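Novice: Take this structure first; my questions come after.
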Amino acid sequence: MASLPKRIIKETERLVSDPVPGITAEPHDDNLRYFSVTIEGPEGSPYEHGIFDLELFLPDDYPMESPKVRFLTKIYHPNIDRLGRICLDVLKTNWSPALQIRTVLLSIQALLASPNPNDPLANDVAEDWIKNETGAIATAKEWTQKYAQAKE
Amino acid sequence: MANDEDYQYSSSDDDFPEQQYYEPLEHRDITNNILDDYEYLNYDTDSLESFNSDVDIVDGMAVSHVTNPNKKRSIEGAMVNLKYECFTTQDIFNNMLEKVDRLQPMFSIPREDIILLLQKYGWDEDRLLEDWTNKMDGLLIEAGIHINNEQKELPKSQRGISNRDFFTCPICCEDQIKETYSLECGHEYCISCYRHYIEDRLNKGNIITCMSCSLALKNTDIDELMNGPSSEKLMHSSIKSFVQKHNENYRWCPFTDCKCIVHIQDTTEFVEYIRLHYSPYVLCNESHRFCFSCSFEMHSPADCEITSSWIKKAKKESDNLNWVLSHTKECPKCSVNIEKNGGCNHMICSSCKYEFCWICNSDWKPHGSSFYQCTMYNNDELKTQTVIEDVSKTLKRYTFFYRMFNEHEVSAKLDWQLGQTVGNKIKSLQEKMGVSWIEGQFLTESLKILNEGRTALKWSFAVVFYSDSSHNLTKIFVDNQALLANSVEDLSALLQIKSPETIMEKKVEFYNKAGYVENRTYALMECGRELISKGIVKITN
Ligand SMILES: [Zn+2]
Ligand SMILES: [Zn+2]
Ligand SMILES: [Zn+2]
Ligand SMILES: [Zn+2]
Ligand SMILES: [Zn+2]
Ligand SMILES: [Zn+2]
């Protein structure tokens, strides 16, 4: 593998030395561009007490191109689809090379705290969210209970 | 262009059209003397002088014609005048710049800044002016032209490219950076990160901002950073997205590598086109004719609906049909591989000299008098094969028509290649025979007519495929197809001639055959329109 750009080394070091509360991100030994990520469900959200697994990959052109992030844990959220893909502006059009892995993960955490059914990725979930918010929140809580519990 | 008489008969519902257009095959003996069929064209050697090149200005677009002035009908124009203009992105951008110059006195901000504003507003000056009167300075911050009030402005002397010792770039994290760039927001990055960042965004056409804030890079900043006129590329992309957003009125020419954009201000006329079963064809400045409605090449006698169904079906079946796409064929007699080298379907084996038809592989001789026998879809044959299931019958039928369609597409491409050599032929005519440029144009014109004839022929197979084969008009259409096919092959063969002397000797023949193809093309198109308007064509996929 080509040597790792300084930028990625620096970011990785900082993620370890100065971790973001509620978030872990560890690169794989065999591929330092591939990270295992966990995000704790934000307090007061339907995802509270859940721990969500994600994968994050830094493409060759990072940071010119945004990191690729995906939920591995099943989640009931209007901006996250069945395959765990996330609808988030900073991962798409609003990505800037000045943003970092850290800022992306914080944005995802914020997305869990405030779902946005008006900009949906999972249409059926978004519809449910708009029509019957209490019901949708209950389902989200249920799924968190069922799928997002710490292992061991 | 066309007058009412040209399409009058189409509105009279029950009568069959004039015999002149639809004369069935058996009434003619086209091989005997094509000239006999064409008295009404008045092509004799004396009238050749009137076969001049003249240039019409149609709605600001120069259209050159090399036609007999007596002949009114033309393929594109048997319909109300379609008003359109043809642009390139550069033309549109120049129009935008004129807009900028008009707006400048109202804004009293630099030209670069107005470009940014227009870019933000998708080049819609009305919307921009409305917001401008309401917001003014707010708008300048919103568009990234000025830094916001919380930001501190970097002194002018420190902006732009700086030479630094040991600067650490926050993007690549490399230290010991020498050259950097900053806007008035003070966000500073190394030149190579900036360049990479800009390069990625030039073809998106959106405003490019500082990597850390919403301050916009002006065209002058971009050019300074990239050390060249890169902002032009950005402007072109921006115009492209403008065209895409206004797809009601703008169309890209669908021909490969063509950069033309056709603009129609008023598309309300299209209703009338649809009512009369015409397609709104336009001609780009590179002489590509295409349909403004469906963005396909000229597809008459098929209409847009037939065209899109046919294409869809062809895509679906293409895997099964790869075999028809080949350009080489074995000689049916001696099995030598023969490559097709022009559009002409009359093949002569290079090894055994056997003459055969490219399409049906059989002896060419009987084709001489009735070429079209080979392309006649044999209905009787299918009727006897009642054992075959409907599905495979349909597929067989489709395969046949697709094959025909494809053969003519391949031929059209080969004719086009042939066209590349026409230029050389004209040159040698000029050199060896002292022929003037204008005089030599009959070759170019013949080629153009050949191509349009082929294209019409090609699409006519889609029409027949969807037509009720038992209907009399379908039969007439097929007869017309035959006449066109025959005339196209004749003209194609004529265009293979290489010797300048022979070409000049056969000049009259060129005129006559090209004129014949042109008329047959028109007749087939009109017959197809009749077929469609009478509901004999049914789309079933
Ligand atoms: Zn850098
Ligand atoms: Zn900035
Ligand atoms: Zn074109
Ligand atoms: Zn069309
Ligand atoms: Zn042979
Ligand atoms: Zn044949």
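A note on labels: chains of the structure tokens are A, B, ... as shown, every chain counts residues from 1, and ligands are counted from 1 in their shown order.
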How close does chain B get to chain A? List, as CSV, each residue of chain B within 12 Å, its nearest atom pair and the distance in Å to one decimal, counting only C-alpha atoms.
Specialist:
```
residue,atom,partner,partner_atom,distance
B:Thr168,CA,A:Arg7,CA,10.7
B:Cys169,CA,A:Arg7,CA,9.4
B:Pro170,CA,A:Ala98,CA,7.2
B:Ile171,CA,A:Ala98,CA,6.0
B:Cys172,CA,A:Arg7,CA,5.1
B:Cys173,CA,A:Arg7,CA,4.9
B:Glu174,CA,A:Lys6,CA,6.5
B:Asp175,CA,A:Lys6,CA,9.5
B:His187,CA,A:Ala98,CA,10.2
B:Glu188,CA,A:Ala98,CA,10.9
B:Tyr189,CA,A:Ala98,CA,9.8
B:Ser192,CA,A:Met64,CA,11.6
B:Cys193,CA,A:Met64,CA,8.4
B:Tyr194,CA,A:Pro97,CA,9.8
B:Arg195,CA,A:Met64,CA,10.7
B:His196,CA,A:Met64,CA,7.5
B:Tyr197,CA,A:Met64,CA,6.3
B:Ile198,CA,A:Met64,CA,9.8
B:Glu199,CA,A:Met64,CA,10.3
B:Asp200,CA,A:Met64,CA,8.1
B:Arg201,CA,A:Met64,CA,10.2
B:Lys204,CA,A:Thr93,CA,10.8
B:Asn206,CA,A:Thr93,CA,10.6
B:Ile208,CA,A:Ser96,CA,10.7
B:Thr209,CA,A:Ser96,CA,9.5
B:Cys210,CA,A:Ser96,CA,9.0
B:Met211,CA,A:Ala98,CA,5.7
B:Ser212,CA,A:Ala98,CA,5.8
B:Cys213,CA,A:Ala98,CA,9.3
B:Ser214,CA,A:Ser96,CA,10.8
```
Novice: Please identify all protein, DNA and RNA residues within 7 Å of ligand 5, counting only C-alpha atoms and all ligand atoms, and report them as a ChimeraX atom specification.
Specialist: /B:331-336,349-354
Novice: Write the selection just made, keeping C-alpha atoms, as a JSON list (two decimals), in the first residue's frame?
Specialist:
```json
[["chain", "number", "residue", "atom", "x", "y", "z"],
["B", 331, "CYS", "CA", -19.03, -15.02, -49.16],
["B", 332, "PRO", "CA", -21.93, -17.48, -49.59],
["B", 333, "LYS", "CA", -20.03, -19.18, -52.42],
["B", 334, "CYS", "CA", -16.42, -19.47, -51.37],
["B", 335, "SER", "CA", -16.57, -18.51, -47.67],
["B", 336, "VAL", "CA", -13.93, -15.84, -47.95],
["B", 349, "CYS", "CA", -16.65, -11.19, -53.51],
["B", 350, "SER", "CA", -13.02, -10.19, -53.91],
["B", 351, "SER", "CA", -12.00, -13.79, -54.38],
["B", 352, "CYS", "CA", -14.60, -15.54, -56.54],
["B", 353, "LYS", "CA", -16.35, -12.45, -57.88],
["B", 354, "TYR", "CA", -19.72, -13.80, -56.82]]
```
Novice: Sorted by chain and rising residue number, list the residues of chain B at most 8 Å from ligand 3 (counting only C-alpha atoms and all ligand atoms), each with its closest atom pair and distance in Å to one decimal, as JSON lines.
Specialist:
```
{"residue": "B:Trp252", "atom": "CA", "partner": "ligand 3", "partner_atom_place_in_ligand_line": "1 (Zn)", "distance": 7.9}
{"residue": "B:Cys253", "atom": "CA", "partner": "ligand 3", "partner_atom_place_in_ligand_line": "1 (Zn)", "distance": 4.6}
{"residue": "B:Pro254", "atom": "CA", "partner": "ligand 3", "partner_atom_place_in_ligand_line": "1 (Zn)", "distance": 6.7}
{"residue": "B:Phe255", "atom": "CA", "partner": "ligand 3", "partner_atom_place_in_ligand_line": "1 (Zn)", "distance": 5.4}
{"residue": "B:Thr256", "atom": "CA", "partner": "ligand 3", "partner_atom_place_in_ligand_line": "1 (Zn)", "distance": 7.9}
{"residue": "B:Asp257", "atom": "CA", "partner": "ligand 3", "partner_atom_place_in_ligand_line": "1 (Zn)", "distance": 8.0}
{"residue": "B:Cys258", "atom": "CA", "partner": "ligand 3", "partner_atom_place_in_ligand_line": "1 (Zn)", "distance": 4.6}
{"residue": "B:Lys259", "atom": "CA", "partner": "ligand 3", "partner_atom_place_in_ligand_line": "1 (Zn)", "distance": 6.5}
{"residue": "B:Cys260", "atom": "CA", "partner": "ligand 3", "partner_atom_place_in_ligand_line": "1 (Zn)", "distance": 5.3}
{"residue": "B:Ile261", "atom": "CA", "partner": "ligand 3", "partner_atom_place_in_ligand_line": "1 (Zn)", "distance": 7.9}
{"residue": "B:Leu283", "atom": "CA", "partner": "ligand 3", "partner_atom_place_in_ligand_line": "1 (Zn)", "distance": 7.5}
{"residue": "B:Cys284", "atom": "CA", "partner": "ligand 3", "partner_atom_place_in_ligand_line": "1 (Zn)", "distance": 4.8}
{"residue": "B:Asn285", "atom": "CA", "partner": "ligand 3", "partner_atom_place_in_ligand_line": "1 (Zn)", "distance": 6.4}
{"residue": "B:Glu286", "atom": "CA", "partner": "ligand 3", "partner_atom_place_in_ligand_line": "1 (Zn)", "distance": 4.9}
{"residue": "B:Ser287", "atom": "CA", "partner": "ligand 3", "partner_atom_place_in_ligand_line": "1 (Zn)", "distance": 6.2}
{"residue": "B:His288", "atom": "CA", "partner": "ligand 3", "partner_atom_place_in_ligand_line": "1 (Zn)", "distance": 4.5}
{"residue": "B:Arg289", "atom": "CA", "partner": "ligand 3", "partner_atom_place_in_ligand_line": "1 (Zn)", "distance": 7.3}
```
Novice: Please, which residues of segment 27-146 of chain A, numbered as in this document, come out strand (DSSP E or B) from DSSP, as a VMD selection string?
Specialist: chain A and resid 27 34 to 40 51 to 57 68 to 71 77 80 85 to 86
Novice: What is the distance, in Å and to one decimal place, between atom CA of Phe167 of chain B and atom 1 (Zn, counted along the ligand's line) of ligand 1?
Specialist: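 Computing the Euclidean distance for atom CA of Phe167 of chain B and atom 1 (Zn, counted along the ligand's line) of ligand 1 yields 9.5 Å.
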Novice: Skip segment 80-88 of chain A itself and residues of its chain fewer than 2 positions away, then list as a VMD selection string all residues within 7 Å of it, counting only C-alpha atoms.
Specialist: chain A and resid 70 to 72 77 to 78 90 to 92 121 to 122
Novice: Taking only C-alpha atoms and all ligand atoms into account, which of B:Cys294, B:Ala143, B:Ala485, B:Leu116 comes nearest ligand 6?
Specialist: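 Ranking B:Cys294, B:Ala143, B:Ala485, B:Leu116 by distance to ligand 6, first place goes to B:Ala485.
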Novice: Excluding same-chain residues fewer than 3 positions from segment 145-162 of chain B, what lies within 6 Å of it counting only C-alpha atoms, as a list in words?
Specialist: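 In the requested form, the answer reads Leu140, Ile141, Glu179, Thr180, Tyr181, Ser182, Leu183, Glu184, Cys185, Gly186 and Ala216 of chain B.
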Novice: So the first atom is atom CA of Leu418 of chain B and the second is atom CA of Ala302 of chain B; what is the distance between them in Å, to one decimal place?
Specialist: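 The value is 26.0 Å.
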Novice: Can you pull out the residues contacting segment 115-117 of chain A? Cut-off 12 Å, using only C-alpha atoms, and skip same-chain residues under 4 positions away; I want them as a PyMOL selection string.
Specialist: chain A and resi 42+45-47+75-80+86-89+107-111+121-133+136-137+140
Novice: With distances taken over only C-alpha atoms, which of A:Pro120, A:Pro67, A:Gly50, A:Pro59 is nearest to Arg102 of chain A?
Specialist: A:Pro67
Novice: For ligand 4, collect every residue having any atom at a distance of at most 6 Å from a ligand atom (counting only C-alpha atoms and all ligand atoms); output as a PyMOL selection string.
Specialist: chain B and resi 279+291+293-294+296+303-304
Novice: Please, what distance in Å, to one decimal, runs between atom CA of Gly138 of chain B and atom CA of Leu217 of chain B?
Specialist: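 These two atoms are separated by 17.9 Å.
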Novice: Got a sec: who's within 9 Å of Ile101 of chain A, counting only C-alpha atoms, leaving out chain neighbours fewer than 3 positions off, as a list in words?
Specialist: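 After dropping sequence-adjacent residues, the list is Glu11, Thr12, Leu15, Leu56, Leu58, Ser66, Pro67, Val104, Leu105 and Leu106 of chain A.
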Novice: Just asking: which residues within chain A are alpha helix (DSSP H) according to DSSP, as number ranges by chain?
Specialist: A: 6-17, 101-113, 123-131, 133-147
